[in-house]
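Pasting protein23.txt here (compact mmCIF, C-alpha atoms):
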```txt
# COMPACT_ATOMS: atom_id res chain seq x y z
CA MET X 256 80.94 100.18 123.27
CA TYR X 257 84.13 102.17 122.96
CA GLN X 258 83.50 105.15 120.72
CA LEU X 259 86.35 106.86 118.88
CA ARG X 260 86.55 110.50 117.92
CA PRO X 261 88.12 111.65 114.62
CA LEU X 262 91.68 110.37 114.50
CA LEU X 263 94.49 111.02 112.02
CA LEU X 264 97.31 108.51 112.08
CA PHE X 265 100.03 107.32 109.74
CA SER X 266 99.39 104.46 107.34
CA LEU X 267 101.47 103.41 104.35
CA GLY X 268 103.49 106.57 104.74
CA VAL X 269 100.56 108.97 104.33
CA LEU X 270 98.05 110.59 106.65
CA VAL X 271 94.69 108.93 106.87
CA THR X 272 91.61 109.63 108.94
CA ALA X 273 89.16 107.88 111.18
CA VAL X 274 85.90 109.28 112.43
CA ARG X 275 83.46 108.13 115.09
CA GLY X 276 83.55 104.37 114.85
CA ASP X 277 80.90 102.08 113.51
CA ASN X 278 79.93 98.96 115.41
CA SER X 279 78.64 96.86 112.53
CA ALA X 280 81.26 94.12 112.93
CA ASP X 281 80.44 91.38 115.43
CA SER X 282 83.51 90.10 117.26
CA ASN X 283 81.56 86.97 118.27
CA ASN X 284 81.01 85.81 114.69
CA ALA X 285 82.45 82.39 113.93
CA ILE X 286 85.87 82.43 112.30
CA PRO X 287 85.70 81.01 108.74
CA ASP X 288 87.71 77.89 107.97
CA VAL X 289 91.03 78.80 106.38
CA ASN X 290 93.50 76.52 104.63
CA PHE X 291 96.76 78.08 105.79
CA ASP X 292 100.09 76.33 106.17
CA LEU X 293 100.48 75.46 109.82
CA GLU X 294 104.25 75.83 109.77
CA GLY X 295 106.60 78.24 108.07
CA GLU X 296 110.25 79.13 107.94
CA HIS X 297 111.33 80.78 111.15
CA ALA X 298 114.63 81.84 112.68
CA GLY X 299 114.13 80.23 116.08
CA GLU X 300 111.91 80.01 119.10
CA LEU X 301 110.38 83.25 120.35
CA PRO X 302 110.71 83.96 124.06
CA SER X 303 107.81 83.07 126.34
CA PRO X 304 104.94 83.96 126.41
CA TRP X 305 105.00 84.48 122.64
CA GLU X 306 103.24 81.84 120.53
CA GLY X 307 103.76 81.01 116.88
CA PRO X 308 104.33 80.78 114.04
CA SER X 309 100.91 79.58 112.89
CA HIS X 310 98.59 80.20 109.94
CA CYS X 311 101.51 80.94 107.62
CA ILE X 312 100.96 82.36 104.17
CA SER X 313 103.29 80.88 101.54
CA GLY X 314 105.69 79.92 104.32
CA ASP X 315 106.71 83.55 104.81
CA HIS X 316 104.27 85.70 106.76
CA CYS X 317 102.80 84.00 109.81
CA LEU X 318 100.66 84.80 112.83
CA TYR X 319 102.34 85.37 116.21
CA PHE X 320 100.56 86.08 119.49
CA ASN X 321 101.52 87.37 122.94
CA PRO X 322 98.63 86.79 125.39
CA GLU X 323 100.32 88.92 128.07
CA GLY X 324 100.99 91.91 125.81
CA ASN X 325 99.36 95.26 126.53
CA ASN X 326 98.47 94.48 130.12
CA HIS X 327 97.09 91.01 129.21
CA ASN X 328 94.84 92.39 126.48
CA GLY X 329 96.96 90.59 123.89
CA GLN X 330 99.21 91.50 121.01
CA VAL X 331 99.12 89.93 117.53
CA LEU X 332 101.67 90.09 114.71
CA ILE X 333 101.39 89.05 111.09
CA THR X 334 104.94 89.16 109.84
CA THR X 335 108.09 87.20 109.01
CA SER X 336 109.99 85.21 111.62
CA ASN X 337 112.89 87.68 111.75
CA TYR X 338 110.68 90.68 112.38
CA ALA X 339 108.63 88.71 114.89
CA TYR X 340 111.85 87.91 116.74
CA PHE X 341 112.90 91.58 116.74
CA THR X 342 109.50 92.59 118.10
CA ALA X 343 109.40 89.87 120.75
CA THR X 344 112.84 90.78 122.08
CA PHE X 345 112.42 94.55 122.22
CA PRO X 346 112.55 95.97 125.78
CA LYS X 347 109.34 95.45 127.73
CA ILE X 348 107.21 98.29 129.06
CA THR X 349 107.21 98.66 132.83
CA SER X 350 104.60 100.41 134.93
CA GLU X 351 107.30 102.64 136.43
CA THR X 352 107.85 104.38 133.10
CA GLN X 353 104.39 105.98 132.92
CA ILE X 354 101.92 107.75 135.17
CA SER X 355 99.16 105.87 136.95
CA SER X 356 96.04 105.12 134.92
CA ASP X 357 93.85 107.14 137.30
CA SER X 358 95.76 110.34 136.42
CA PHE X 359 93.50 110.79 133.38
CA HIS X 360 90.24 109.34 132.17
CA LEU X 361 88.05 109.09 129.08
CA ALA X 362 85.20 111.60 129.07
CA PRO X 363 82.80 113.27 126.60
CA ILE X 364 84.38 116.26 124.82
CA PRO X 365 81.98 118.75 123.19
CA GLY X 366 82.13 118.38 119.42
CA LYS X 367 84.71 115.59 119.58
CA GLY X 368 83.03 112.53 121.06
CA ASN X 369 85.23 111.10 123.80
CA GLY X 370 88.74 112.14 124.78
CA PHE X 371 91.26 111.94 127.60
CA VAL X 372 90.96 114.45 130.46
CA ALA X 373 93.53 115.08 133.20
CA GLY X 374 92.48 114.04 136.70
CA ARG X 375 95.41 115.79 138.39
CA LEU X 376 98.24 118.17 137.54
CA ILE X 377 100.39 116.42 134.93
CA LYS X 378 103.78 118.11 134.84
CA LYS X 379 105.81 118.84 131.74
CA GLY X 380 107.97 115.85 130.88
CA GLU X 381 105.80 113.21 132.56
CA VAL X 382 105.27 110.08 130.47
CA ILE X 383 101.52 109.67 130.19
CA MET X 384 101.10 106.38 128.37
CA GLN X 385 103.25 103.68 126.78
CA ARG X 386 101.69 100.98 124.62
CA GLN X 387 102.68 98.18 122.29
CA PRO X 388 100.59 97.79 119.12
CA SER X 389 97.57 95.57 119.63
CA PHE X 390 97.69 94.63 115.96
CA LEU X 391 100.90 94.74 113.89
CA VAL X 392 101.12 93.61 110.26
CA HIS X 393 103.98 93.70 107.77
CA ALA X 394 103.22 96.34 105.14
CA ASP X 395 104.03 94.00 102.25
CA ALA X 396 101.63 91.37 103.53
CA HIS X 397 98.92 93.97 104.07
CA ILE X 398 99.27 95.23 100.52
CA ASP X 399 99.85 91.96 98.65
CA MET X 400 97.52 89.44 100.33
CA LYS X 401 94.42 88.44 98.43
CA PRO X 402 91.38 90.05 100.03
CA GLU X 403 89.63 86.78 100.90
CA VAL X 404 92.76 85.34 102.53
CA GLN X 405 93.55 88.58 104.28
CA GLU X 406 90.13 89.02 105.83
CA LYS X 407 90.20 85.49 107.21
CA ILE X 408 93.63 85.70 108.82
CA TYR X 409 92.81 89.14 110.18
CA GLN X 410 89.67 87.75 111.80
CA ILE X 411 91.70 84.94 113.36
CA ALA X 412 94.28 87.42 114.64
CA LEU X 413 91.61 89.71 116.04
CA SER X 414 89.91 86.83 117.87
CA LYS X 415 93.06 86.32 119.93
CA LEU X 416 92.82 89.75 121.56
CA SER X 417 90.82 90.34 124.71
CA LYS X 418 87.16 91.25 124.37
CA ASP X 419 87.91 94.82 125.45
CA ALA X 420 90.70 95.18 122.86
CA GLN X 421 88.46 93.71 120.16
CA GLU X 422 85.69 96.17 120.96
CA LYS X 423 88.10 99.12 120.85
CA PHE X 424 89.57 97.89 117.56
CA LEU X 425 86.17 97.34 115.94
CA SER X 426 84.91 100.74 117.11
CA GLN X 427 87.39 102.43 114.79
CA PHE X 428 86.37 103.82 111.44
CA GLY X 429 86.38 101.50 108.43
CA ASP X 430 84.39 98.59 107.02
CA GLY X 431 86.25 95.41 107.85
CA VAL X 432 89.56 94.83 109.58
CA ARG X 433 91.69 95.80 106.57
CA ALA X 434 89.99 99.17 106.29
CA LYS X 435 90.37 99.80 110.00
CA ILE X 436 94.12 99.15 109.72
CA ASP X 437 94.31 101.45 106.69
CA LYS X 438 92.58 104.23 108.55
CA ASN X 439 94.02 103.96 112.05
CA SER X 440 97.60 102.73 111.88
CA PHE X 441 101.04 104.17 112.55
CA ARG X 442 103.88 103.19 110.24
CA ILE X 443 106.67 101.44 112.17
CA VAL X 444 110.13 100.34 111.03
CA ILE X 445 111.02 97.15 112.92
CA ASP X 446 114.61 96.41 111.86
CA PRO X 447 117.06 98.32 114.09
CA SER X 448 119.41 98.64 111.09
CA GLY X 449 116.80 100.78 109.36
CA ASP X 450 115.89 98.31 106.60
CA LYS X 451 113.06 99.93 104.65
CA GLU X 452 111.61 96.50 103.92
CA SER X 453 110.80 96.17 107.62
CA GLY X 454 107.94 98.64 107.45
CA HIS X 455 104.89 97.55 109.44
CA LEU X 456 101.48 99.01 110.24
CA GLY X 457 100.63 99.14 113.93
CA VAL X 458 97.29 99.88 115.55
CA PHE X 459 97.38 101.16 119.15
CA VAL X 460 93.77 101.03 120.26
CA ASP X 461 94.27 102.92 123.55
CA VAL X 462 95.98 105.84 121.81
CA SER X 463 92.68 106.66 120.11
CA GLY X 464 91.62 108.51 123.24
CA PHE X 465 93.84 111.45 122.30
CA ASN X 466 92.02 114.10 120.27
CA HIS X 467 93.75 116.49 117.89
CA ASP X 468 94.99 120.00 118.59
CA CYS X 469 97.26 122.05 116.34
CA ARG X 470 99.06 123.21 119.50
CA PRO X 471 98.95 120.00 121.55
CA ASN X 472 99.95 119.59 125.18
CA VAL X 473 101.16 116.01 124.53
CA HIS X 474 103.90 114.77 122.20
CA TYR X 475 104.22 111.20 120.95
CA ARG X 476 107.14 109.15 119.67
CA ILE X 477 107.58 105.53 118.60
CA THR X 478 110.71 103.67 119.70
CA ASN X 479 111.06 100.11 118.41
CA THR X 480 107.34 99.30 118.58
CA THR X 481 106.54 101.23 121.76
CA HIS X 482 104.27 104.25 121.39
CA THR X 483 105.04 106.85 124.08
CA THR X 484 103.10 110.01 124.92
CA VAL X 485 104.73 112.77 126.98
CA ALA X 486 103.39 116.05 128.37
CA VAL X 487 105.11 119.00 126.67
CA ARG X 488 103.73 121.52 129.17
CA ASP X 489 101.92 121.41 132.49
CA ILE X 490 98.39 120.04 132.09
CA HIS X 491 95.91 121.07 134.77
CA PRO X 492 93.05 118.96 136.21
CA GLY X 493 90.09 119.01 133.84
CA ASP X 494 92.21 119.91 130.78
CA GLU X 495 91.92 117.70 127.74
CA LEU X 496 95.03 115.75 126.68
CA THR X 497 95.73 116.30 122.98
CA ILE X 498 98.24 115.33 120.31
CA SER X 499 98.68 116.69 116.80
CA TYR X 500 97.73 114.48 113.87
CA ILE X 501 99.68 116.67 111.44
CA TYR X 502 102.92 118.64 111.38
CA GLY X 503 101.84 121.76 113.22
CA ILE X 504 104.36 124.32 111.91
CA ALA X 505 102.13 125.50 109.09
CA ARG X 506 99.73 128.31 108.28
CA ARG X 507 96.15 127.95 109.43
CA SER X 508 94.84 127.45 105.87
CA THR X 509 97.39 124.69 105.25
CA ARG X 510 96.52 122.91 108.48
CA GLN X 511 92.82 123.16 107.76
CA LYS X 512 93.28 121.81 104.25
CA GLU X 513 95.31 118.83 105.43
CA LEU X 514 92.69 117.94 108.00
CA GLN X 515 89.68 118.63 105.75
CA ASP X 516 91.15 116.48 103.00
CA TRP X 517 90.60 113.57 105.35
CA GLY X 518 87.13 114.60 106.47
CA PHE X 519 88.14 116.45 109.62
CA GLU X 520 87.48 120.12 110.37
CA CYS X 521 89.69 121.42 113.15
CA THR X 522 88.12 123.71 115.75
CA CYS X 523 91.05 123.86 118.17
CA SER X 524 91.88 127.16 119.85
CA GLN X 525 94.63 127.90 117.34
CA CYS X 526 92.31 127.36 114.37
CA THR X 527 89.54 129.54 115.83
CA LEU X 528 91.60 132.67 116.47
CA ASN X 529 90.11 135.89 115.09
CA SER X 530 91.38 137.24 111.79
CA LEU X 531 94.02 139.53 113.32
CA GLU X 532 95.36 136.83 115.61
CA THR X 533 95.40 134.32 112.75
CA ALA X 534 97.37 136.73 110.58
CA ALA X 535 99.89 137.24 113.38
CA SER X 536 100.19 133.48 113.88
CA ASP X 537 100.70 132.87 110.16
CA ALA X 538 103.35 135.59 110.11
CA ARG X 539 105.22 133.89 112.95
CA VAL X 540 105.13 130.56 111.11
CA LYS X 541 106.48 132.26 108.01
CA GLU X 542 109.25 133.89 110.05
CA ILE X 543 110.17 130.55 111.62
CA LYS X 544 110.66 129.00 108.21
CA ARG X 545 112.58 132.00 106.90
CA LEU X 546 114.88 132.11 109.92
CA GLU X 547 115.49 128.35 109.89
CA GLU X 548 116.38 128.48 106.21
CA GLU X 549 118.72 131.41 106.83
CA ILE X 550 120.48 129.59 109.67
CA GLU X 551 120.75 126.42 107.60
CA ASP X 552 122.20 128.38 104.70
CA LYS X 553 124.76 130.12 106.88
CA MET X 554 125.74 126.87 108.57
CA SER X 555 126.14 125.19 105.20
CA ARG X 556 128.64 127.96 104.41
CA ARG X 557 130.59 127.15 107.59
CA GLY X 558 128.82 129.65 109.80
CA GLU X 559 129.51 132.73 107.70
CA ASP X 560 127.64 135.81 108.88
CA ILE X 561 125.77 133.91 111.60
CA LYS X 562 124.54 136.27 114.35
CA PRO X 563 124.49 135.39 118.06
CA GLU X 564 120.86 136.42 118.51
CA MET X 565 119.49 134.20 115.73
CA GLY X 566 119.08 131.08 117.88
CA GLY X 567 117.43 132.92 120.76
CA LYS X 568 115.07 134.75 118.42
CA LEU X 569 113.93 131.46 116.91
CA VAL X 570 113.25 129.98 120.35
CA ASP X 571 111.19 133.03 121.30
CA ILE X 572 109.01 132.69 118.20
CA TYR X 573 108.45 128.97 118.84
CA LEU X 574 107.35 129.72 122.39
CA GLU X 575 105.10 132.60 121.36
CA GLU X 576 103.48 130.34 118.77
CA LYS X 577 103.02 127.61 121.45
CA LEU X 578 104.96 125.03 119.45
CA PHE X 579 105.95 123.15 122.58
CA ALA X 580 106.14 119.78 120.80
CA TYR X 581 108.92 120.85 118.42
CA LEU X 582 111.46 122.62 120.62
CA ALA X 583 114.40 120.20 120.77
CA PRO X 584 116.29 121.11 117.55
CA THR X 585 115.60 124.79 118.21
CA TYR X 586 117.12 124.70 121.71
CA VAL X 587 120.14 122.75 120.44
CA ARG X 588 120.74 125.30 117.72
CA ALA X 589 120.44 128.24 120.10
CA ALA X 590 122.75 126.67 122.70
CA LEU X 591 125.49 126.08 120.14
CA ILE X 592 125.26 129.54 118.60
CA TYR X 593 125.45 131.30 121.97
CA SER X 594 128.37 129.10 122.99
CA MET X 595 130.18 129.92 119.75
CA PHE X 596 129.88 133.61 120.56
CA GLY X 597 131.04 133.18 124.16
CA ASN X 598 127.74 133.82 125.94
CA GLU X 599 128.07 131.40 128.85
CA ALA X 600 124.76 132.13 130.59
CA LYS X 601 122.64 131.80 127.46
CA ALA X 602 124.51 128.72 126.23
CA LYS X 603 123.97 126.96 129.57
CA GLU X 604 120.30 127.97 129.73
CA TYR X 605 119.48 126.68 126.26
CA ALA X 606 121.61 123.54 126.65
CA GLU X 607 119.63 122.58 129.77
CA GLU X 608 116.37 123.22 127.94
CA ALA X 609 117.68 121.18 124.99
CA VAL X 610 118.37 118.15 127.20
CA ASP X 611 114.81 118.22 128.56
CA ALA X 612 113.24 118.75 125.12
CA LEU X 613 115.35 116.04 123.46
CA THR X 614 114.31 113.60 126.19
CA ARG X 615 110.63 114.47 125.72
CA GLU X 616 110.64 114.39 121.94
CA TYR X 617 113.12 111.63 121.10
CA GLY X 618 113.90 109.74 124.30
CA THR X 619 116.95 109.39 126.50
CA HIS X 620 119.16 108.15 123.65
CA ALA X 621 118.45 111.09 121.34
CA LYS X 622 121.20 112.43 119.11
CA ASP X 623 122.92 115.50 120.54
CA ILE X 624 121.69 114.81 124.07
CA GLN X 625 125.16 113.91 125.36
CA SER X 626 126.70 116.96 123.71
CA MET X 627 124.05 119.18 125.29
CA ARG X 628 124.64 117.62 128.71
CA GLU X 629 128.35 118.34 128.35
CA LEU X 630 127.65 121.90 127.26
CA ALA X 631 125.29 122.51 130.19
CA ALA X 632 127.80 121.06 132.67
CA ASP X 633 130.89 122.87 131.36
CA VAL X 634 130.17 125.56 128.79
CA LYS X 635 133.76 126.77 128.50
CA GLY X 636 135.06 123.23 128.11
CA HIS X 637 132.75 122.44 125.20
CA TRP X 638 134.17 122.26 121.68
CA SER X 639 131.89 125.11 120.55
CA TRP X 640 132.93 127.61 123.23
CA GLY X 641 134.15 130.95 121.88
CA ILE X 642 134.85 129.71 118.37
CA LYS X 643 133.37 132.76 116.71
CA VAL X 644 134.97 135.21 119.16
CA VAL X 645 138.46 133.74 118.79
CA SER X 646 138.26 133.26 115.05
CA GLU X 647 136.92 136.74 114.37
CA GLU X 648 139.57 138.38 116.56
CA LYS X 649 142.29 136.34 114.86
CA GLU X 650 140.96 137.14 111.40
CA GLN X 651 140.95 140.87 112.18
CA LYS X 652 144.47 140.63 113.58
CA THR X 653 145.89 138.77 110.60
CA TRP X 654 144.08 141.03 108.19
CA LYS X 655 145.54 144.15 109.81
CA LEU X 656 148.96 142.52 109.83
CA GLY X 657 148.65 141.86 106.12
CA GLN X 658 147.63 145.43 105.43
CA GLY X 659 150.57 146.77 107.45
CA LYS X 660 153.08 144.72 105.46
CA GLY X 661 151.54 145.41 102.13
CA LYS X 662 150.42 141.78 101.88
CA LYS X 663 146.69 142.24 102.19
CA ASN X 664 145.71 139.40 99.90
CA GLU X 665 148.35 136.89 100.97
CA THR X 666 148.09 137.29 104.76
CA GLY X 667 144.37 138.03 104.77
CA GLU X 668 143.62 134.89 102.77
CA ALA X 669 145.79 132.81 105.11
CA GLY X 670 143.76 133.99 108.08
CA ALA X 671 140.52 133.45 106.21
CA LYS X 672 141.57 129.89 105.35
CA LYS X 673 141.88 129.02 109.03
CA GLU X 674 138.55 130.68 109.71
CA ARG X 675 136.93 128.54 107.02
CA LYS X 676 138.23 125.38 108.67
CA ILE X 677 136.73 126.43 111.99
CA ARG X 678 133.43 127.24 110.32
CA GLU X 679 133.42 123.87 108.61
CA LYS X 680 133.50 122.23 112.04
CA ILE X 681 130.66 124.47 113.15
CA GLY X 682 128.64 123.54 110.09
CA LYS X 683 129.05 119.81 110.65
CA LYS X 684 128.06 120.00 114.32
CA ALA X 685 125.43 122.71 114.48
CA GLY X 686 124.01 122.61 110.98
CA LYS X 687 122.64 119.10 111.40
CA THR X 688 120.00 120.27 113.87
CA VAL X 689 118.00 121.93 111.10
CA LYS X 690 118.26 118.82 108.95
CA GLU X 691 117.05 116.69 111.83
CA ALA X 692 114.06 118.97 112.31
CA LYS X 693 113.24 118.64 108.60
CA ALA X 694 113.69 114.87 108.81
CA LYS X 695 111.19 114.82 111.66
CA LYS X 696 108.74 116.76 109.47
CA ASP X 697 109.25 114.28 106.61
CA GLU X 698 108.46 111.40 108.94
CA LEU X 699 105.16 113.06 109.81
```
Turn the structure described in the file into structure tokens.
Amino acid sequence: MYQLRPLLLFSLGVLVTAVRGDNSADSNNAIPDVNFDLEGEHAGELPSPWEGPSHCISGDHCLYFNPEGNNHNGQVLITTSNYAYFTATFPKITSETQISSDSFHLAPIPGKGNGFVAGRLIKKGEVIMQRQPSFLVHADAHIDMKPEVQEKIYQIALSKLSKDAQEKFLSQFGDGVRAKIDKNSFRIVIDPSGDKESGHLGVFVDVSGFNHDCRPNVHYRITNTTHTTVAVRDIHPGDELTISYIYGIARRSTRQKELQDWGFECTCSQCTLNSLETAASDARVKEIKRLEEEIEDKMSRRGEDIKPEMGGKLVDIYLEEKLFAYLAPTYVRAALIYSMFGNEAKAKEYAEEAVDALTREYGTHAKDIQSMRELAADVKGHWSWGIKVVSEEKEQKTWKLGQGKGKKNETGEAGAKKERKIREKIGKKAGKTVKEAKAKKDEL
């Protein structure tokens, strides 16, 4: 039977935990008779091989099934017809987008149960695994359904999955299917327009092989309904593959509290540093937050008093703290700042790193990725090139001119006005990277 190690995922917008699974549920039990509507309102036929709607509840939420989903292990949805159509028409996963299954394997991990272990060198940026949710349910239905109705339709849905998928699902922590969804799901927004009412809970049974580490070597993202894991550094044969169940840019005590609140005590290498090393790590985390806030503040004031070394310093701290899963906004910020100050080599270096990090963390259609590609290809042709150098030289020139003519206030203010306009452009372009990083934290 597939045994799961402690797992923190996202459910109903909050972090929840799962520990080594129980096997009390019997997937071979007979499905109780249920008096559901057999037909419900639906927008149109779903593409083959999707089946449904069936077992509708009040003509709104119905059961949909794809027998070929997840490598023929099956995929079930309990949702409305519109969201089912969105899900069914999202781009399909192809084997070419991920590494071969023999590149890693499930093995016993001391103190953690089972976990994924690399079977070969996995290079930074390689896509390790892509999966569709085995079980996806609309959040409203999950919350509002009567328990007796819910348990019955969940049992019917579960019976449609392959035996292997059922065993993996039932091995997860929680008494009953509802509890297992509560404890092991990721929150997914289905509607491409961002409609908050399209929130769903998705369970990816294969993802449970990733154990937690506060400084993981694997990053995950969810696009549409596809869960993607990517190596954020080189992973050597025999190394465990890990993700972070929490937002890792936090002091050790904060990380421990978040994990312990859900019944999980972290013993990763970052959490077991000695007292001096822990103090140094906490100090770096504090400095990251201070420096990010300072940059955000200066950008919000149109780049006033920004220093060229700020972006590079922040990158260095991230790297020293091994925060390899959070580098994209930091590289973008550094590339823009160095370009603004006319440092071509540094701007190009960080722009190239930004493109790679954005691809790893957000995918090929990430915001800012095109701008960073343009900056890397032609630094001096980018909108940000030399803005601070030119504007500062011009401000000094106009200021001196004003002093020489006895018009210090009038001429100096005119030069400053133009400088403010330039800084406003800087703030709109560069300042958003900090906000995006914070938005990412809020999602977690």
Tell me, as an NGL selection string, which residues lie within 12 Å of region 599-607 of chain X, counting all atoms listed in the file; anything in the same chain fewer than 3 positions away does not count.
:X and (563-564 or 566-567 or 569-571 or 582-596 or 610-614 or 623-637 or 639-641)
Nearest to Ala486 (chain X) among X:Arg470, X:His393, X:Arg615, X:His310, with distances taken over only C-alpha atoms: which residue is it?
X:Arg615
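Taking CA of Gly493 (chain X) and CA of Asn529 (chain X) as endpoints, the distance between them is 25.2 Å.
Among the candidates X:Asp552, X:Asp494, X:Glu547, X:Glu576, the residue lying nearest to Thr533 (chain X) is X:Glu576 (atoms considered: all atoms listed in the file).
If you look at CA of Cys526 (chain X) and CA of Arg545 (chain X), they are 22.1 Å away from each other.
Using only C-alpha atoms, the shortest contact distance between Ala412 (chain X) and any of X:Thr619, X:Asn439, X:Ser309, X:Thr484 is found at X:Ser309.
One distance worth recording is that between CA of Pro322 (chain X) and CA of Ser426 (chain X), which is 21.2 Å.
Nearest residue to His327 (chain X), choosing from X:Asp430, X:Asp419, X:Asp395, X:Asp450 and counting all atoms listed in the file: X:Asp419.
The shortest atom-to-atom distance to His491 (chain X), with all atoms listed in the file taken into account, belongs to X:Asn472 out of X:Ser336, X:Asn472, X:Ser389, X:Gln427.
Distances to Val382 (chain X) were evaluated for X:Thr483, X:Thr344, X:Asn326, X:Ser463 using only C-alpha atoms, and the minimum falls at X:Thr483.
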Residues within 8 Å of (97.5, 107.9, 120.0), file coords, all atoms listed in the file, listed as a PyMOL selection string:
chain X and resi 264+459-465+475+482+484+498
I want to know what sits within 9 Å of Tyr338 (chain X), based on all atoms listed in the file, with residues of the same chain fewer than 2 positions away left out; could you give that as number ranges by chain?
X: 334-336, 340-343, 393, 445-446, 453
